[in-house]
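Single-structure report; data block below.
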Amino acid sequence: MLNIVVLMGRFTKDLELKKLESGKKVINFCLAVERNRAKKDEEKVSDFIDCIAWENTAEFISTYFKKGDPIIAQGRLETRQYEDKQGNKRKAVYVFVNNVNFCAFKKSEEGQDKSKSQEDNLDDLFNDQDLPF
């Protein structure tokens, strides 16, 4: 059996790391993930995916990410069945996240993308006129 989910999206709200009575750390969050469009002129549509992460992954997320930041999250799809207050049977679906990665450069103070300024620096390095030999 195979149950692997990889998402690239943005956090929809501020993150809050919770510490349970048992001492375990957990973070619940929602990612806005754009769907692929069949045609370029189609309107963008996003899905909002509920996620949960525990312990070191939860700490990492709460330390390095905030609302609106992009992230790549890898995990597995899980379902949980429960009864609501009225006695109706419900099903919750979420991604149990066990690995995350950064996926974009943040904007610098001048509004330029850091990747662009790094490319400019590389161009300067390879300028033949400035070589000492």
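By order in the structure tokens, chains are A, B, ...; within a chain, residues start at 1; ligands start at 1, following the order shown.
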Legend entry - Spatial neighbours of stretch 24-27 of chain A, max dist 6 Å, only C-alpha atoms, sep filter under 3 positions, as a VMD selection string: chain A and resid 17 to 20 52 to 55 58
Dump N, CA, C and O atoms for the selected residues as a CSV table (one decimal), in the first residue's frame?
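Now in out.csv:
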chain,number,residue,atom,x,y,z
A,17,LEU,N,2.2,26.8,18.1
A,17,LEU,CA,2.7,25.5,18.6
A,17,LEU,C,2.1,25.3,19.9
A,17,LEU,O,2.1,26.1,20.8
A,18,LYS,N,1.5,24.1,20.1
A,18,LYS,CA,0.9,23.7,21.3
A,18,LYS,C,1.7,22.6,22.0
A,18,LYS,O,2.2,21.7,21.3
A,19,LYS,N,1.8,22.7,23.3
A,19,LYS,CA,2.4,21.7,24.1
A,19,LYS,C,1.4,21.0,24.9
A,19,LYS,O,0.7,21.6,25.7
A,20,LEU,N,1.2,19.7,24.7
A,20,LEU,CA,0.2,18.9,25.4
A,20,LEU,C,0.7,18.5,26.8
A,20,LEU,O,1.8,18.7,27.1
A,52,ILE,N,-1.5,18.5,10.1
A,52,ILE,CA,-1.1,18.4,11.5
A,52,ILE,C,0.4,17.9,11.5
A,52,ILE,O,0.7,17.1,10.6
A,53,ALA,N,1.2,18.4,12.4
A,53,ALA,CA,2.6,18.0,12.5
A,53,ALA,C,2.9,17.9,14.0
A,53,ALA,O,2.4,18.6,14.8
A,54,TRP,N,3.8,16.9,14.3
A,54,TRP,CA,4.2,16.7,15.7
A,54,TRP,C,5.7,16.9,15.9
A,54,TRP,O,6.5,16.8,15.0
A,55,GLU,N,6.0,17.1,17.2
A,55,GLU,CA,7.4,17.1,17.7
A,55,GLU,C,8.3,18.0,16.9
A,55,GLU,O,8.1,19.2,16.8
A,58,ALA,N,6.9,20.0,14.0
A,58,ALA,CA,6.0,21.0,14.5
A,58,ALA,C,6.8,22.2,15.0
A,58,ALA,O,6.5,23.4,14.7
Inset, instruction - Tell me which protein, DNA and RNA residues are within 12 Å of A:Met8, counting only C-alpha atoms, leaving out same-chain ones fewer than 6 positions away, and put them as a PyMOL selection string. - result: chain A and resi 30-36+46-49+69-75+100-104
Prev. selection, N, CA and C atoms, output as a tab-separated table (two decimals), in the first residue's frame:
chain	number	residue	atom	x	y	z
A	30	CYS	N	-3.53	25.07	8.17
A	30	CYS	CA	-4.23	24.88	6.89
A	30	CYS	C	-3.36	25.47	5.79
A	31	LEU	N	-3.23	24.74	4.69
A	31	LEU	CA	-2.49	25.21	3.52
A	31	LEU	C	-3.44	25.51	2.38
A	32	ALA	N	-3.25	26.67	1.76
A	32	ALA	CA	-3.98	27.00	0.54
A	32	ALA	C	-3.12	26.50	-0.62
A	33	VAL	N	-3.67	25.56	-1.39
A	33	VAL	CA	-2.95	24.93	-2.48
A	33	VAL	C	-3.70	25.17	-3.78
A	34	GLU	N	-3.02	25.83	-4.74
A	34	GLU	CA	-3.65	26.10	-6.03
A	34	GLU	C	-3.80	24.83	-6.85
A	35	ARG	N	-4.93	24.71	-7.51
A	35	ARG	CA	-5.13	23.60	-8.44
A	35	ARG	C	-4.49	23.94	-9.77
A	36	ASN	N	-4.06	22.92	-10.49
A	36	ASN	CA	-3.58	23.13	-11.85
A	36	ASN	C	-4.77	23.48	-12.72
A	46	SER	N	-8.22	27.50	-5.40
A	46	SER	CA	-7.38	26.92	-4.35
A	46	SER	C	-8.18	25.96	-3.50
A	47	ASP	N	-7.51	24.93	-3.04
A	47	ASP	CA	-8.07	24.02	-2.04
A	47	ASP	C	-7.42	24.36	-0.72
A	48	PHE	N	-8.16	24.19	0.36
A	48	PHE	CA	-7.65	24.47	1.69
A	48	PHE	C	-7.53	23.15	2.42
A	49	ILE	N	-6.29	22.73	2.65
A	49	ILE	CA	-5.98	21.40	3.17
A	49	ILE	C	-5.58	21.51	4.64
A	69	ASP	N	3.46	32.42	4.20
A	69	ASP	CA	4.71	31.84	3.70
A	69	ASP	C	4.43	30.59	2.88
A	70	PRO	N	5.20	30.40	1.80
A	70	PRO	CA	5.07	29.16	1.02
A	70	PRO	C	5.85	28.04	1.69
A	71	ILE	N	5.39	26.81	1.50
A	71	ILE	CA	6.03	25.64	2.08
A	71	ILE	C	5.76	24.43	1.20
A	72	ILE	N	6.67	23.48	1.23
A	72	ILE	CA	6.45	22.17	0.64
A	72	ILE	C	6.32	21.20	1.81
A	73	ALA	N	5.19	20.51	1.89
A	73	ALA	CA	4.92	19.59	2.98
A	73	ALA	C	4.71	18.18	2.44
A	74	GLN	N	5.35	17.22	3.09
A	74	GLN	CA	5.20	15.82	2.69
A	74	GLN	C	4.67	15.04	3.88
A	75	GLY	N	3.75	14.12	3.61
A	75	GLY	CA	3.19	13.31	4.68
A	75	GLY	C	2.26	12.26	4.13
A	100	VAL	N	9.09	18.79	5.85
A	100	VAL	CA	8.79	20.06	5.20
A	100	VAL	C	10.06	20.66	4.60
A	101	ASN	N	9.86	21.53	3.61
A	101	ASN	CA	10.97	22.22	2.97
A	101	ASN	C	10.56	23.64	2.61
A	102	PHE	N	11.55	24.52	2.55
A	102	PHE	CA	11.33	25.86	2.04
A	102	PHE	C	11.15	25.75	0.53
A	103	CYS	N	10.40	26.69	-0.07
A	103	CYS	CA	10.22	26.58	-1.52
A	103	CYS	C	10.35	27.90	-2.26
A	104	ALA	N	10.71	29.00	-1.61
A	104	ALA	CA	10.86	30.27	-2.32
A	104	ALA	C	11.78	31.18	-1.54
Legend entry - strand (DSSP E) per DSSP on the backbone: members of stretch 56-95 of chain A, as a PyMOL selection string: chain A and resi 70-83+89-95
Inset, instruction - Could you give me, as a list of chain:residue names, the residues within 8 Å of A:Gly68, counting only C-alpha atoms and dropping anything in the same chain fewer than 3 positions from it? - result: A:Arg10, A:Phe11, A:Thr12, A:Lys13
So that I have them on file, write out the residues from the current selection with N, CA and C atoms, as a PDB file, in the first residue's frame.
ATOM      1  N   ARG A  10       0.531  27.763   0.751  1.00  0.00           N
ATOM      2  CA  ARG A  10       0.816  28.861   1.685  1.00  0.00           C
ATOM      3  C   ARG A  10      -0.045  28.708   2.930  1.00  0.00           C
ATOM      4  N   PHE A  11       0.539  29.104   4.069  1.00  0.00           N
ATOM      5  CA  PHE A  11      -0.187  29.065   5.329  1.00  0.00           C
ATOM      6  C   PHE A  11      -1.322  30.087   5.305  1.00  0.00           C
ATOM      7  N   THR A  12      -2.495  29.681   5.789  1.00  0.00           N
ATOM      8  CA  THR A  12      -3.662  30.552   5.733  1.00  0.00           C
ATOM      9  C   THR A  12      -3.850  31.397   6.990  1.00  0.00           C
ATOM     10  N   LYS A  13      -3.151  31.068   8.064  1.00  0.00           N
ATOM     11  CA  LYS A  13      -3.290  31.844   9.299  1.00  0.00           C
ATOM     12  C   LYS A  13      -2.001  31.753  10.117  1.00  0.00           C
TER      13      LYS A  13
END
Inset, instruction - Name the closest residue to A:Asn28 among the candidates A:Lys44, A:Gln81, A:Phe65, A:Glu16; distances are taken between atoms, counting only C-alpha atoms. - result: A:Glu16
